[in-house]
file my_file-v2.pdb (PDB, C-alpha atoms)
ATOM      1  CA  GLN D   1       0.000   0.000   0.000  1.00  0.00           C
ATOM      2  CA  VAL D   2       1.385   3.371  -1.026  1.00  0.00           C
ATOM      3  CA  GLN D   3       1.189   5.787   1.843  1.00  0.00           C
ATOM      4  CA  LEU D   4       2.849   8.495   3.888  1.00  0.00           C
ATOM      5  CA  VAL D   5       2.544   8.441   7.652  1.00  0.00           C
ATOM      6  CA  GLU D   6       3.404  11.414   9.847  1.00  0.00           C
ATOM      7  CA  SER D   7       4.251  11.189  13.521  1.00  0.00           C
ATOM      8  CA  GLY D   8       5.879  13.220  16.241  1.00  0.00           C
ATOM      9  CA  GLY D   9       3.218  15.814  16.837  1.00  0.00           C
ATOM     10  CA  GLY D  10       2.045  16.727  20.296  1.00  0.00           C
ATOM     11  CA  TYR D  11       1.629  19.405  22.886  1.00  0.00           C
ATOM     12  CA  VAL D  12       4.529  21.713  23.698  1.00  0.00           C
ATOM     13  CA  GLN D  13       5.036  25.029  25.458  1.00  0.00           C
ATOM     14  CA  PRO D  14       6.200  28.112  23.560  1.00  0.00           C
ATOM     15  CA  GLY D  15       9.926  27.936  22.969  1.00  0.00           C
ATOM     16  CA  GLY D  16       9.872  24.163  22.927  1.00  0.00           C
ATOM     17  CA  SER D  17      10.801  21.722  20.194  1.00  0.00           C
ATOM     18  CA  LEU D  18       9.278  18.840  18.297  1.00  0.00           C
ATOM     19  CA  ARG D  19      10.560  16.616  15.520  1.00  0.00           C
ATOM     20  CA  LEU D  20       8.061  15.388  12.995  1.00  0.00           C
ATOM     21  CA  SER D  21       8.704  12.295  10.908  1.00  0.00           C
ATOM     22  CA  CYS D  22       7.175  11.280   7.617  1.00  0.00           C
ATOM     23  CA  VAL D  23       7.684   7.647   6.647  1.00  0.00           C
ATOM     24  CA  ALA D  24       6.860   6.374   3.186  1.00  0.00           C
ATOM     25  CA  SER D  25       5.740   2.836   2.503  1.00  0.00           C
ATOM     26  CA  GLY D  26       4.991   1.084  -0.753  1.00  0.00           C
ATOM     27  CA  PHE D  27       7.348   3.300  -2.733  1.00  0.00           C
ATOM     28  CA  ALA D  28      10.815   4.879  -2.476  1.00  0.00           C
ATOM     29  CA  LEU D  29      11.117   8.552  -1.592  1.00  0.00           C
ATOM     30  CA  ASP D  30      14.420   8.954  -3.430  1.00  0.00           C
ATOM     31  CA  ASP D  31      13.000  10.450  -6.608  1.00  0.00           C
ATOM     32  CA  TYR D  32      10.498  12.803  -4.993  1.00  0.00           C
ATOM     33  CA  ALA D  33      10.671  16.233  -3.521  1.00  0.00           C
ATOM     34  CA  ILE D  34       8.952  16.330  -0.156  1.00  0.00           C
ATOM     35  CA  GLY D  35       6.990  19.149   1.346  1.00  0.00           C
ATOM     36  CA  TRP D  36       5.694  19.851   4.812  1.00  0.00           C
ATOM     37  CA  PHE D  37       2.430  21.757   5.033  1.00  0.00           C
ATOM     38  CA  ARG D  38       0.189  22.838   7.880  1.00  0.00           C
ATOM     39  CA  GLN D  39      -3.438  23.729   8.299  1.00  0.00           C
ATOM     40  CA  VAL D  40      -5.472  25.448  10.965  1.00  0.00           C
ATOM     41  CA  PRO D  41      -9.255  24.899  11.002  1.00  0.00           C
ATOM     42  CA  GLY D  42     -10.982  27.456   8.822  1.00  0.00           C
ATOM     43  CA  ARG D  43      -7.820  28.418   6.981  1.00  0.00           C
ATOM     44  CA  GLU D  44      -6.115  27.212   3.835  1.00  0.00           C
ATOM     45  CA  ARG D  45      -3.335  24.669   4.021  1.00  0.00           C
ATOM     46  CA  GLU D  46       0.024  26.398   3.663  1.00  0.00           C
ATOM     47  CA  GLY D  47       3.488  25.271   2.699  1.00  0.00           C
ATOM     48  CA  VAL D  48       6.057  25.324   5.469  1.00  0.00           C
ATOM     49  CA  SER D  49       9.161  23.726   3.990  1.00  0.00           C
ATOM     50  CA  CYS D  50      10.320  21.481   1.191  1.00  0.00           C
ATOM     51  CA  ILE D  51      13.410  19.516   0.230  1.00  0.00           C
ATOM     52  CA  THR D  52      14.517  18.428  -3.208  1.00  0.00           C
ATOM     53  CA  SER D  53      15.184  14.824  -4.123  1.00  0.00           C
ATOM     54  CA  THR D  54      18.787  14.560  -5.319  1.00  0.00           C
ATOM     55  CA  TYR D  55      20.679  17.499  -3.860  1.00  0.00           C
ATOM     56  CA  LYS D  56      18.523  17.943  -0.753  1.00  0.00           C
ATOM     57  CA  ILE D  57      18.157  21.675  -1.315  1.00  0.00           C
ATOM     58  CA  THR D  58      15.772  23.159   1.211  1.00  0.00           C
ATOM     59  CA  PHE D  59      13.236  25.977   1.219  1.00  0.00           C
ATOM     60  CA  TYR D  60      11.254  27.500   4.060  1.00  0.00           C
ATOM     61  CA  LYS D  61       8.285  29.729   4.646  1.00  0.00           C
ATOM     62  CA  GLU D  62       9.647  33.052   5.857  1.00  0.00           C
ATOM     63  CA  SER D  63       8.077  32.822   9.314  1.00  0.00           C
ATOM     64  CA  VAL D  64       9.817  29.524  10.131  1.00  0.00           C
ATOM     65  CA  LYS D  65      13.288  30.289   8.767  1.00  0.00           C
ATOM     66  CA  GLY D  66      15.926  29.785  11.428  1.00  0.00           C
ATOM     67  CA  ARG D  67      13.538  27.752  13.589  1.00  0.00           C
ATOM     68  CA  PHE D  68      12.564  24.769  11.420  1.00  0.00           C
ATOM     69  CA  THR D  69      14.910  22.348   9.674  1.00  0.00           C
ATOM     70  CA  ILE D  70      13.828  19.852   7.053  1.00  0.00           C
ATOM     71  CA  SER D  71      15.959  16.822   6.283  1.00  0.00           C
ATOM     72  CA  ARG D  72      15.631  13.462   4.620  1.00  0.00           C
ATOM     73  CA  ASP D  73      17.119  10.015   5.063  1.00  0.00           C
ATOM     74  CA  ASN D  74      16.433   8.133   1.867  1.00  0.00           C
ATOM     75  CA  ALA D  75      17.861   4.925   3.311  1.00  0.00           C
ATOM     76  CA  LYS D  76      15.114   5.039   5.925  1.00  0.00           C
ATOM     77  CA  ASN D  77      12.539   6.333   3.459  1.00  0.00           C
ATOM     78  CA  THR D  78      11.866   9.122   5.935  1.00  0.00           C
ATOM     79  CA  VAL D  79      11.718  12.906   5.970  1.00  0.00           C
ATOM     80  CA  TYR D  80      11.951  14.955   9.142  1.00  0.00           C
ATOM     81  CA  LEU D  81      10.913  18.405  10.231  1.00  0.00           C
ATOM     82  CA  GLN D  82      12.795  19.631  13.286  1.00  0.00           C
ATOM     83  CA  MET D  83      10.850  22.483  14.844  1.00  0.00           C
ATOM     84  CA  ASP D  84      12.569  24.639  17.453  1.00  0.00           C
ATOM     85  CA  ASP D  85      11.526  27.776  19.303  1.00  0.00           C
ATOM     86  CA  LEU D  86       7.916  26.944  18.628  1.00  0.00           C
ATOM     87  CA  LYS D  87       5.320  29.688  18.816  1.00  0.00           C
ATOM     88  CA  SER D  88       1.584  29.542  19.369  1.00  0.00           C
ATOM     89  CA  GLU D  89       1.041  30.471  15.735  1.00  0.00           C
ATOM     90  CA  ASP D  90       2.794  27.235  14.723  1.00  0.00           C
ATOM     91  CA  SER D  91      -0.122  25.242  16.115  1.00  0.00           C
ATOM     92  CA  ALA D  92      -1.735  23.304  13.284  1.00  0.00           C
ATOM     93  CA  VAL D  93      -2.114  19.898  11.727  1.00  0.00           C
ATOM     94  CA  TYR D  94       1.092  19.180   9.859  1.00  0.00           C
ATOM     95  CA  TYR D  95       1.117  17.135   6.668  1.00  0.00           C
ATOM     96  CA  CYS D  96       3.889  15.744   4.521  1.00  0.00           C
ATOM     97  CA  ALA D  97       3.484  15.250   0.808  1.00  0.00           C
ATOM     98  CA  THR D  98       5.428  14.160  -2.257  1.00  0.00           C
ATOM     99  CA  ASP D  99       5.486  15.871  -5.612  1.00  0.00           C
ATOM    100  CA  ARG D 100       5.142  14.165  -8.992  1.00  0.00           C
ATOM    101  CA  GLY D 101       8.749  13.065  -8.871  1.00  0.00           C
ATOM    102  CA  TYR D 102      11.885  13.114 -11.013  1.00  0.00           C
ATOM    103  CA  GLY D 103      12.218  16.881 -10.893  1.00  0.00           C
ATOM    104  CA  SER D 104      15.100  19.002  -9.698  1.00  0.00           C
ATOM    105  CA  GLY D 105      13.355  21.477  -7.436  1.00  0.00           C
ATOM    106  CA  CYS D 106      10.594  21.786  -4.901  1.00  0.00           C
ATOM    107  CA  SER D 107       7.925  24.310  -4.073  1.00  0.00           C
ATOM    108  CA  LEU D 108       5.552  25.304  -1.300  1.00  0.00           C
ATOM    109  CA  LEU D 109       2.542  25.165  -3.606  1.00  0.00           C
ATOM    110  CA  LEU D 110      -0.126  22.601  -2.754  1.00  0.00           C
ATOM    111  CA  ALA D 111      -0.906  21.968  -6.406  1.00  0.00           C
ATOM    112  CA  ASP D 112       2.590  20.575  -6.975  1.00  0.00           C
ATOM    113  CA  TYR D 113       2.029  17.700  -4.536  1.00  0.00           C
ATOM    114  CA  THR D 114       0.121  14.516  -5.214  1.00  0.00           C
ATOM    115  CA  LYS D 115       0.558  12.095  -2.303  1.00  0.00           C
ATOM    116  CA  TRP D 116      -0.404  13.210   1.182  1.00  0.00           C
ATOM    117  CA  GLY D 117      -0.197  11.809   4.663  1.00  0.00           C
ATOM    118  CA  GLN D 118      -3.011  11.928   7.182  1.00  0.00           C
ATOM    119  CA  GLY D 119      -1.447  14.661   9.294  1.00  0.00           C
ATOM    120  CA  THR D 120      -0.200  15.039  12.849  1.00  0.00           C
ATOM    121  CA  GLN D 121      -1.412  17.648  15.327  1.00  0.00           C
ATOM    122  CA  VAL D 122       0.997  20.172  16.805  1.00  0.00           C
ATOM    123  CA  THR D 123      -0.250  22.341  19.649  1.00  0.00           C
ATOM    124  CA  VAL D 124       1.912  25.087  21.109  1.00  0.00           C
ATOM    125  CA  SER D 125       0.448  26.581  24.246  1.00  0.00           C
ATOM    126  CA  SER D 126       1.373  27.618  27.736  1.00  0.00           C
TER     127      SER D 126
END
call {"tool": "encode", "arguments": {"input": "my_file-v2.pdb", "output": "structure tokens"}}
result
Amino acid sequence: QVQLVESGGGYVQPGGSLRLSCVASGFALDDYAIGWFRQVPGREREGVSCITSTYKITFYKESVKGRFTISRDNAKNTVYLQMDDLKSEDSAVYYCATDRGYGSGCSLLLADYTKWGQGTQVTVSS
């Protein structure tokens, strides 16, 4: 079965850290760019970060630069999102997704992604 499964979400105080994982099964992540997105109820899903397939070039939404780090371990078929110095506005359901594959870049546009995980909740609150 082809799927992406996120984990690592939870409840954390402002300034805290979480590491999200996205594990792929049924296919190899090697040839796909991966994006992390988040969504708050009543608002559109937004791109947070992405990483390219071959050269692992990374991109970030401006508001998370310097706080979030995306990485990938193709041997483990897993992508990570390390989130530090979390703020209340980071609270959301976080999703990972793969693009159509075999490209050289990545984007933070939802339309460029075809496979999605089920999401993991992140709550930042004191």
call {"tool": "resolve_selection", "arguments": {"input": "my_file-v2.pdb", "expression": "the PyMOL selection byres ((chain D and resi 94) around 9)", "output": "PyMOL selection string"}}
result
chain D and resi 6+9+20+36-39+91-93+95-96+118-122
call {"tool": "atom_distance", "arguments": {"input": "my_file-v2.pdb", "atom1": "CA of Lys61 (chain D)", "atom2": "CA of Gly42 (chain D)"}}
result
19.8 Å
call {"tool": "atom_distance", "arguments": {"input": "my_file-v2.pdb", "atom1": "CA of Asn74 (chain D)", "atom2": "CA of Leu86 (chain D)"}}
result
26.6 Å
call {"tool": "closest_residue", "arguments": {"input": "my_file-v2.pdb", "among": "D:Val40, D:Ile34, D:Val124, D:Met83", "to": "Arg100 (chain D)", "atoms": "all atoms listed in the file"}}
result
D:Ile34
call {"tool": "atom_distance", "arguments": {"input": "my_file-v2.pdb", "atom1": "CA of Ser53 (chain D)", "atom2": "CA of Thr114 (chain D)"}}
result
15.1 Å
call {"tool": "decode", "arguments": {"input": "my_file-v2.pdb", "residues": "region 3-25 of chain D", "atoms": "N, CA and C atoms", "output": "mmCIF file, in the first residue's frame"}}
result
data_model
loop_
_atom_site.group_PDB
_atom_site.id
_atom_site.type_symbol
_atom_site.label_atom_id
_atom_site.label_comp_id
_atom_site.auth_asym_id
_atom_site.auth_seq_id
_atom_site.Cartn_x
_atom_site.Cartn_y
_atom_site.Cartn_z
ATOM 1 N N GLN D 3 1.662 4.794 0.893
ATOM 2 C CA GLN D 3 1.189 5.787 1.843
ATOM 3 C C GLN D 3 2.326 6.534 2.509
ATOM 4 N N LEU D 4 1.961 7.686 3.065
ATOM 5 C CA LEU D 4 2.849 8.495 3.888
ATOM 6 C C LEU D 4 2.235 8.568 5.273
ATOM 7 N N VAL D 5 3.051 8.398 6.285
ATOM 8 C CA VAL D 5 2.544 8.441 7.652
ATOM 9 C C VAL D 5 3.388 9.403 8.467
ATOM 10 N N GLU D 6 2.723 10.446 8.993
ATOM 11 C CA GLU D 6 3.404 11.414 9.847
ATOM 12 C C GLU D 6 3.301 10.997 11.302
ATOM 13 N N SER D 7 4.278 11.394 12.079
ATOM 14 C CA SER D 7 4.251 11.189 13.521
ATOM 15 C C SER D 7 5.116 12.241 14.181
ATOM 16 N N GLY D 8 5.032 12.310 15.500
ATOM 17 C CA GLY D 8 5.879 13.220 16.241
ATOM 18 C C GLY D 8 5.191 14.477 16.729
ATOM 19 N N GLY D 9 3.945 14.661 16.352
ATOM 20 C CA GLY D 9 3.218 15.814 16.837
ATOM 21 C C GLY D 9 2.899 15.686 18.319
ATOM 22 N N GLY D 10 2.402 16.764 18.883
ATOM 23 C CA GLY D 10 2.045 16.727 20.296
ATOM 24 C C GLY D 10 1.828 18.102 20.843
ATOM 25 N N TYR D 11 1.876 18.160 22.154
ATOM 26 C CA TYR D 11 1.629 19.405 22.886
ATOM 27 C C TYR D 11 2.965 19.888 23.446
ATOM 28 N N VAL D 12 3.265 21.171 23.212
ATOM 29 C CA VAL D 12 4.529 21.713 23.698
ATOM 30 C C VAL D 12 4.330 23.172 24.090
ATOM 31 N N GLN D 13 5.109 23.630 25.038
ATOM 32 C CA GLN D 13 5.036 25.029 25.458
ATOM 33 C C GLN D 13 5.789 25.921 24.470
ATOM 34 N N PRO D 14 5.453 27.188 24.420
ATOM 35 C CA PRO D 14 6.200 28.112 23.560
ATOM 36 C C PRO D 14 7.693 28.052 23.865
ATOM 37 N N GLY D 15 8.490 28.063 22.814
ATOM 38 C CA GLY D 15 9.926 27.936 22.969
ATOM 39 C C GLY D 15 10.419 26.513 22.916
ATOM 40 N N GLY D 16 9.500 25.568 22.953
ATOM 41 C CA GLY D 16 9.872 24.163 22.927
ATOM 42 C C GLY D 16 10.151 23.650 21.529
ATOM 43 N N SER D 17 10.430 22.348 21.458
ATOM 44 C CA SER D 17 10.801 21.722 20.194
ATOM 45 C C SER D 17 10.020 20.435 19.973
ATOM 46 N N LEU D 18 9.839 20.122 18.710
ATOM 47 C CA LEU D 18 9.278 18.840 18.297
ATOM 48 C C LEU D 18 9.976 18.419 17.020
ATOM 49 N N ARG D 19 10.063 17.119 16.794
ATOM 50 C CA ARG D 19 10.560 16.616 15.520
ATOM 51 C C ARG D 19 9.494 15.746 14.894
ATOM 52 N N LEU D 20 9.037 16.166 13.747
ATOM 53 C CA LEU D 20 8.061 15.388 12.995
ATOM 54 C C LEU D 20 8.775 14.445 12.044
ATOM 55 N N SER D 21 8.187 13.274 11.859
ATOM 56 C CA SER D 21 8.704 12.295 10.908
ATOM 57 C C SER D 21 7.624 11.977 9.888
ATOM 58 N N CYS D 22 8.075 11.680 8.702
ATOM 59 C CA CYS D 22 7.175 11.280 7.617
ATOM 60 C C CYS D 22 7.792 10.043 6.972
ATOM 61 N N VAL D 23 7.161 8.905 7.167
ATOM 62 C CA VAL D 23 7.684 7.647 6.647
ATOM 63 C C VAL D 23 6.854 7.203 5.455
ATOM 64 N N ALA D 24 7.536 6.856 4.388
ATOM 65 C CA ALA D 24 6.860 6.374 3.186
ATOM 66 C C ALA D 24 6.867 4.857 3.155
ATOM 67 N N SER D 25 5.791 4.285 2.706
ATOM 68 C CA SER D 25 5.740 2.836 2.503
ATOM 69 C C SER D 25 5.103 2.553 1.154
#
